[in-house]
>>> print(open('input28.cif').read())   # mmCIF, C-alpha atoms
data_run
#
loop_
_atom_site.group_PDB
_atom_site.id
_atom_site.type_symbol
_atom_site.label_atom_id
_atom_site.label_comp_id
_atom_site.auth_asym_id
_atom_site.auth_seq_id
_atom_site.Cartn_x
_atom_site.Cartn_y
_atom_site.Cartn_z
ATOM 1 C CA MET A 285 -32.725 -107.390 36.933
ATOM 2 C CA TYR A 286 -33.646 -105.098 34.000
ATOM 3 C CA TYR A 287 -36.873 -103.893 35.575
ATOM 4 C CA VAL A 288 -35.518 -102.957 39.015
ATOM 5 C CA PRO A 289 -33.645 -99.810 37.870
ATOM 6 C CA GLY A 290 -36.603 -98.951 35.601
ATOM 7 C CA ILE A 291 -39.000 -99.112 38.531
ATOM 8 C CA ILE A 292 -36.549 -97.059 40.598
ATOM 9 C CA ALA A 293 -36.506 -94.438 37.823
ATOM 10 C CA PHE A 294 -40.309 -94.397 37.800
ATOM 11 C CA GLY A 295 -40.413 -94.044 41.603
ATOM 12 C CA LEU A 296 -37.915 -91.204 41.458
ATOM 13 C CA ILE A 297 -40.003 -89.413 38.816
ATOM 14 C CA ALA A 298 -43.141 -89.948 40.896
ATOM 15 C CA ALA A 299 -41.504 -88.317 43.927
ATOM 16 C CA ALA A 300 -39.436 -85.590 42.286
ATOM 17 C CA PHE A 301 -41.786 -84.641 39.452
ATOM 18 C CA SER A 302 -45.351 -85.903 39.759
ATOM 19 C CA ASN A 303 -45.851 -85.384 43.495
ATOM 20 C CA LEU A 304 -43.902 -82.139 43.548
ATOM 21 C CA THR A 305 -45.855 -80.657 40.628
ATOM 22 C CA LEU A 306 -49.192 -81.533 42.189
ATOM 23 C CA THR A 307 -48.126 -80.192 45.608
ATOM 24 C CA VAL A 308 -46.849 -76.895 44.196
ATOM 25 C CA VAL A 309 -50.053 -76.294 42.209
ATOM 26 C CA ARG A 310 -52.205 -77.197 45.229
ATOM 27 C CA ASN A 311 -50.231 -74.928 47.581
ATOM 28 C CA ARG A 312 -50.347 -72.045 45.143
ATOM 29 C CA GLU A 313 -54.050 -72.351 44.384
ATOM 30 C CA SER A 314 -55.052 -72.840 48.031
ATOM 31 C CA GLY A 315 -53.286 -69.608 49.000
ATOM 32 C CA ILE A 316 -50.449 -71.141 51.020
ATOM 33 C CA TYR A 317 -47.802 -69.445 48.887
ATOM 34 C CA LYS A 318 -49.772 -66.176 48.989
ATOM 35 C CA ARG A 319 -49.570 -66.192 52.782
ATOM 36 C CA ARG A 320 -45.859 -67.012 52.688
ATOM 37 C CA ARG A 321 -45.299 -64.037 50.419
ATOM 38 C CA ALA A 322 -45.931 -61.783 53.417
ATOM 39 C CA THR A 323 -42.799 -63.210 55.014
ATOM 40 C CA PRO A 324 -39.257 -62.304 53.912
ATOM 41 C CA LEU A 325 -38.847 -65.821 52.495
ATOM 42 C CA PRO A 326 -37.572 -65.607 48.873
ATOM 43 C CA ALA A 327 -38.931 -67.800 46.068
ATOM 44 C CA SER A 328 -35.540 -69.516 45.782
ATOM 45 C CA ALA A 329 -35.848 -70.750 49.383
ATOM 46 C CA VAL A 330 -39.314 -72.191 48.719
ATOM 47 C CA ILE A 331 -38.054 -73.946 45.602
ATOM 48 C CA ALA A 332 -34.916 -75.261 47.342
ATOM 49 C CA ALA A 333 -36.811 -76.552 50.391
ATOM 50 C CA ARG A 334 -39.470 -78.320 48.338
ATOM 51 C CA ALA A 335 -36.806 -79.766 46.033
ATOM 52 C CA LEU A 336 -34.844 -81.067 49.035
ATOM 53 C CA VAL A 337 -37.939 -82.860 50.340
ATOM 54 C CA ALA A 338 -38.474 -84.417 46.902
ATOM 55 C CA VAL A 339 -34.837 -85.538 46.647
ATOM 56 C CA LEU A 340 -34.940 -87.131 50.112
ATOM 57 C CA THR A 341 -38.212 -88.865 49.213
ATOM 58 C CA ALA A 342 -36.654 -90.154 46.003
ATOM 59 C CA LEU A 343 -33.669 -91.514 47.965
ATOM 60 C CA ALA A 344 -36.015 -93.257 50.415
ATOM 61 C CA ILE A 345 -38.019 -94.808 47.567
ATOM 62 C CA THR A 346 -34.778 -95.950 45.955
ATOM 63 C CA ALA A 347 -33.611 -97.600 49.168
ATOM 64 C CA VAL A 348 -36.922 -99.458 49.555
ATOM 65 C CA LEU A 349 -36.925 -100.641 45.925
ATOM 66 C CA LEU A 350 -33.288 -101.747 46.153
ATOM 67 C CA GLY A 351 -34.211 -103.788 49.231
ATOM 68 C CA ILE A 352 -37.133 -105.393 47.425
ATOM 69 C CA GLY A 353 -34.953 -106.134 44.387
ATOM 70 C CA TRP A 354 -32.354 -107.774 46.596
ATOM 71 C CA ALA A 355 -34.853 -109.765 48.707
ATOM 72 C CA ALA A 356 -37.147 -110.871 45.889
ATOM 73 C CA TYR A 357 -34.748 -111.255 42.969
ATOM 74 C CA GLY A 358 -31.287 -111.462 44.487
ATOM 75 C CA ALA A 359 -30.275 -108.392 42.481
ATOM 76 C CA ASN A 360 -27.915 -105.813 43.895
ATOM 77 C CA ILE A 361 -25.627 -102.992 42.830
ATOM 78 C CA PRO A 362 -21.978 -103.916 42.209
ATOM 79 C CA GLY A 363 -19.719 -102.069 44.647
ATOM 80 C CA ARG A 364 -17.665 -100.500 41.868
ATOM 81 C CA THR A 365 -20.724 -98.827 40.290
ATOM 82 C CA ALA A 366 -22.553 -97.862 43.505
ATOM 83 C CA PRO A 367 -21.135 -94.276 43.499
ATOM 84 C CA ALA A 368 -22.367 -93.848 39.918
ATOM 85 C CA PHE A 369 -25.799 -95.123 40.920
ATOM 86 C CA ILE A 370 -26.030 -92.643 43.809
ATOM 87 C CA LEU A 371 -24.900 -89.786 41.553
ATOM 88 C CA ASP A 372 -27.523 -90.797 38.961
ATOM 89 C CA ILE A 373 -30.234 -90.688 41.637
ATOM 90 C CA ILE A 374 -29.168 -87.260 42.919
ATOM 91 C CA VAL A 375 -28.792 -85.666 39.471
ATOM 92 C CA GLY A 376 -32.026 -87.262 38.257
ATOM 93 C CA ALA A 377 -33.998 -86.161 41.309
ATOM 94 C CA ALA A 378 -32.661 -82.602 41.105
ATOM 95 C CA ALA A 379 -33.425 -82.379 37.378
ATOM 96 C CA PHE A 380 -36.966 -83.672 37.758
ATOM 97 C CA CYS A 381 -37.573 -81.342 40.709
ATOM 98 C CA CYS A 382 -36.683 -78.390 38.511
ATOM 99 C CA LEU A 383 -38.909 -79.728 35.749
ATOM 100 C CA GLY A 384 -41.714 -80.250 38.264
ATOM 101 C CA PHE A 385 -41.578 -76.593 39.293
ATOM 102 C CA ALA A 386 -41.464 -75.543 35.641
ATOM 103 C CA VAL A 387 -44.517 -77.613 34.704
ATOM 104 C CA ALA A 388 -46.370 -76.444 37.840
ATOM 105 C CA SER A 389 -45.882 -72.882 36.671
ATOM 106 C CA LEU A 390 -47.755 -73.736 33.446
ATOM 107 C CA ILE A 391 -50.745 -75.418 35.138
ATOM 108 C CA ARG A 392 -53.483 -72.980 36.078
ATOM 109 C CA ASN A 393 -55.601 -75.029 38.501
ATOM 110 C CA VAL A 394 -55.546 -78.127 40.685
ATOM 111 C CA ASP A 395 -58.086 -80.033 38.583
ATOM 112 C CA ALA A 396 -55.798 -79.878 35.559
ATOM 113 C CA ALA A 397 -52.646 -80.921 37.430
ATOM 114 C CA GLN A 398 -53.111 -84.693 37.579
ATOM 115 C CA PRO A 399 -54.191 -85.116 33.910
ATOM 116 C CA VAL A 400 -51.268 -82.978 32.735
ATOM 117 C CA ILE A 401 -48.791 -84.946 34.874
ATOM 118 C CA GLN A 402 -50.079 -88.307 33.620
ATOM 119 C CA ALA A 403 -50.097 -87.084 30.020
ATOM 120 C CA ILE A 404 -46.387 -86.331 30.392
ATOM 121 C CA VAL A 405 -45.139 -89.215 32.548
ATOM 122 C CA LEU A 406 -46.929 -92.259 31.123
ATOM 123 C CA PRO A 407 -46.108 -91.806 27.406
ATOM 124 C CA LEU A 408 -42.495 -90.954 28.230
ATOM 125 C CA GLY A 409 -42.288 -94.005 30.474
ATOM 126 C CA PHE A 410 -43.336 -96.276 27.617
ATOM 127 C CA ILE A 411 -40.922 -94.844 25.048
ATOM 128 C CA SER A 412 -37.972 -94.452 27.435
ATOM 129 C CA GLY A 413 -37.241 -98.017 28.529
ATOM 130 C CA ILE A 414 -39.055 -98.035 31.863
ATOM 131 C CA PHE A 415 -41.970 -100.328 31.011
ATOM 132 C CA ILE A 416 -40.678 -101.734 27.714
ATOM 133 C CA ALA A 417 -37.041 -102.261 26.698
ATOM 134 C CA THR A 418 -36.059 -99.663 24.111
ATOM 135 C CA SER A 419 -34.703 -102.488 21.928
ATOM 136 C CA GLU A 420 -38.303 -103.679 21.485
ATOM 137 C CA LEU A 421 -39.536 -100.286 20.289
ATOM 138 C CA PRO A 422 -39.447 -98.995 16.710
ATOM 139 C CA SER A 423 -36.160 -97.160 16.238
ATOM 140 C CA TRP A 424 -37.870 -93.845 15.476
ATOM 141 C CA LEU A 425 -39.846 -94.038 18.710
ATOM 142 C CA ALA A 426 -36.754 -94.936 20.727
ATOM 143 C CA ASP A 427 -34.952 -91.968 19.155
ATOM 144 C CA ILE A 428 -37.752 -89.650 20.277
ATOM 145 C CA GLY A 429 -37.455 -91.040 23.801
ATOM 146 C CA LYS A 430 -33.744 -90.186 23.904
ATOM 147 C CA VAL A 431 -34.528 -86.498 23.488
ATOM 148 C CA PHE A 432 -36.421 -86.373 26.795
ATOM 149 C CA PRO A 433 -34.928 -86.804 30.297
ATOM 150 C CA VAL A 434 -36.647 -90.075 31.271
ATOM 151 C CA GLU A 435 -34.598 -92.278 28.927
ATOM 152 C CA PRO A 436 -31.194 -90.908 30.051
ATOM 153 C CA LEU A 437 -32.182 -91.463 33.689
ATOM 154 C CA ALA A 438 -33.338 -95.036 33.060
ATOM 155 C CA ALA A 439 -30.238 -95.813 30.949
ATOM 156 C CA ALA A 440 -27.846 -94.370 33.540
ATOM 157 C CA LEU A 441 -29.463 -96.322 36.380
ATOM 158 C CA LEU A 442 -29.454 -99.544 34.346
ATOM 159 C CA ALA A 443 -25.758 -99.143 33.493
ATOM 160 C CA ALA A 444 -24.861 -98.651 37.167
ATOM 161 C CA TYR A 445 -27.124 -101.498 38.314
ATOM 162 C CA ASN A 446 -26.024 -104.016 35.672
ATOM 163 C CA PRO A 447 -23.437 -106.470 37.111
ATOM 164 C CA HIS A 448 -21.903 -106.836 33.630
ATOM 165 C CA THR A 449 -21.048 -103.140 33.387
ATOM 166 C CA THR A 450 -17.313 -102.534 33.268
ATOM 167 C CA GLY A 451 -15.614 -99.556 34.859
ATOM 168 C CA SER A 452 -17.307 -97.026 37.109
ATOM 169 C CA GLY A 453 -20.730 -97.255 35.452
ATOM 170 C CA LEU A 454 -20.902 -93.506 34.952
ATOM 171 C CA ARG A 455 -22.672 -92.406 31.779
ATOM 172 C CA TRP A 456 -21.602 -88.804 31.455
ATOM 173 C CA GLY A 457 -23.673 -88.212 28.332
ATOM 174 C CA ASP A 458 -26.883 -89.234 30.087
ATOM 175 C CA LEU A 459 -26.029 -87.117 33.131
ATOM 176 C CA ALA A 460 -25.327 -84.144 30.839
ATOM 177 C CA VAL A 461 -28.760 -84.513 29.217
ATOM 178 C CA LEU A 462 -30.409 -84.691 32.646
ATOM 179 C CA ALA A 463 -28.469 -81.647 33.835
ATOM 180 C CA ALA A 464 -29.445 -79.689 30.714
ATOM 181 C CA TRP A 465 -33.129 -80.483 31.200
ATOM 182 C CA GLY A 466 -32.825 -79.595 34.877
ATOM 183 C CA ALA A 467 -31.166 -76.267 34.070
ATOM 184 C CA ALA A 468 -33.892 -75.422 31.558
ATOM 185 C CA GLY A 469 -36.560 -76.344 34.096
ATOM 186 C CA LEU A 470 -34.883 -74.224 36.773
ATOM 187 C CA ILE A 471 -34.782 -71.167 34.510
ATOM 188 C CA ILE A 472 -38.495 -71.523 33.711
ATOM 189 C CA ALA A 473 -39.366 -72.217 37.353
ATOM 190 C CA VAL A 474 -37.549 -69.165 38.692
ATOM 191 C CA ARG A 475 -38.944 -66.843 36.025
ATOM 192 C CA ARG A 476 -42.522 -68.067 36.250
ATOM 193 C CA PHE A 477 -42.837 -68.903 39.941
ATOM 194 C CA SER A 478 -46.026 -67.375 41.291
ATOM 195 C CA TRP A 479 -46.984 -66.686 44.889
ATOM 196 C CA LEU A 480 -50.561 -65.971 43.867
ATOM 197 C CA PRO A 481 -53.346 -68.353 42.781
ATOM 198 C CA ARG A 482 -54.009 -68.266 39.066
ATOM 199 C CA GLY A 483 -57.546 -69.545 39.421
ATOM 200 C CA GLY A 484 -57.893 -70.519 35.781
#
>>> encode(input="input28.cif", output="structure tokens")
Amino acid sequence: MYYVPGIIAFGLIAAAFSNLTLTVVRNRESGIYKRRRATPLPASAVIAARALVAVLTALAITAVLLGIGWAAYGANIPGRTAPAFILDIIVGAAAFCCLGFAVASLIRNVDAAQPVIQAIVLPLGFISGIFIATSELPSWLADIGKVFPVEPLAAALLAAYNPHTTGSGLRWGDLAVLAAWGAAGLIIAVRRFSWLPRGG
């Protein structure tokens, strides 16, 4: 039961951050965004459309993983915490979309994109309770993980998925951390968005 929400968090990050970052860098460097610049389409519309695709992909991945968790392990979301779970998915996907655009703006070429993405996602996954329970990590390492957005997402999903959770399952503190990271990513993304290849 513990690993299902962790895998869902990892799938969400793969769709809303990893795939989005790689796609944005590839589109920019291949000249797709340069050609779109000739149209009246604003950067905000490009960002919103790509983010919407990533959010819908994350929701589809979540649905598939929930089905596998139910079929293979008999695990499911309690009805009382299902709204919290859906809210966690939406806020998490939106935040990681914004962060994906922000990181894409810092990557200068397609060849560097995948190594940079993996260098961010894999270490954070290990210290944020996705692959290893945070209770099994040294306390200082777990504390570092709490600063970044992966741990709040994993913790919020676990709370909503856990049948022993009382109340609504909403973890407002974790959602606030995700929203703050998303807002920071959005500011960077909007300011640094480039229509032109950087060719570095």
>>> closest_residue(input="input28.cif", among="A:Ala417, A:Leu383, A:Leu371, A:Leu296", to="A:Leu340", atoms="only C-alpha atoms")
A:Leu296
>>> resolve_selection(input="input28.cif", expression="the PyMOL selection byres ((chain A and resi 319-329) around 12)", output="list in words")
Asn311, Arg312, Glu313, Ser314, Gly315, Ile316, Tyr317, Lys318, Val330, Ile331, Ala332, Ala333, Arg334, Ala335, Leu336, Cys382, Phe385, Leu470, Ile471, Ala473, Val474, Arg475, Arg476, Phe477, Ser478, Trp479, Leu480 and Pro481 of chain A
>>> atom_distance(input="input28.cif", atom1="atom CA of A:Pro407", atom2="atom CA of A:Ser302")
13.7 Å
>>> closest_residue(input="input28.cif", among="A:Ala468, A:Leu390, A:Leu459, A:Ala344", to="A:Leu306", atoms="all atoms listed in the file")
A:Leu390
>>> atom_distance(input="input28.cif", atom1="atom CA of A:Ser452", atom2="atom CA of A:Gly413")
21.7 Å
>>> closest_residue(input="input28.cif", among="A:Val308, A:Asn393, A:Phe294, A:Gln398", to="A:Leu349", atoms="only C-alpha atoms")
A:Phe294
>>> axis_aligned_box(input="input28.cif", around="stretch 351-366 of chain A", padding_each_side="5 Å", output="JSON")
{"center_x": -27.4, "center_y": -104.7, "center_z": 44.8, "size_x": 29.5, "size_y": 23.6, "size_z": 18.9}
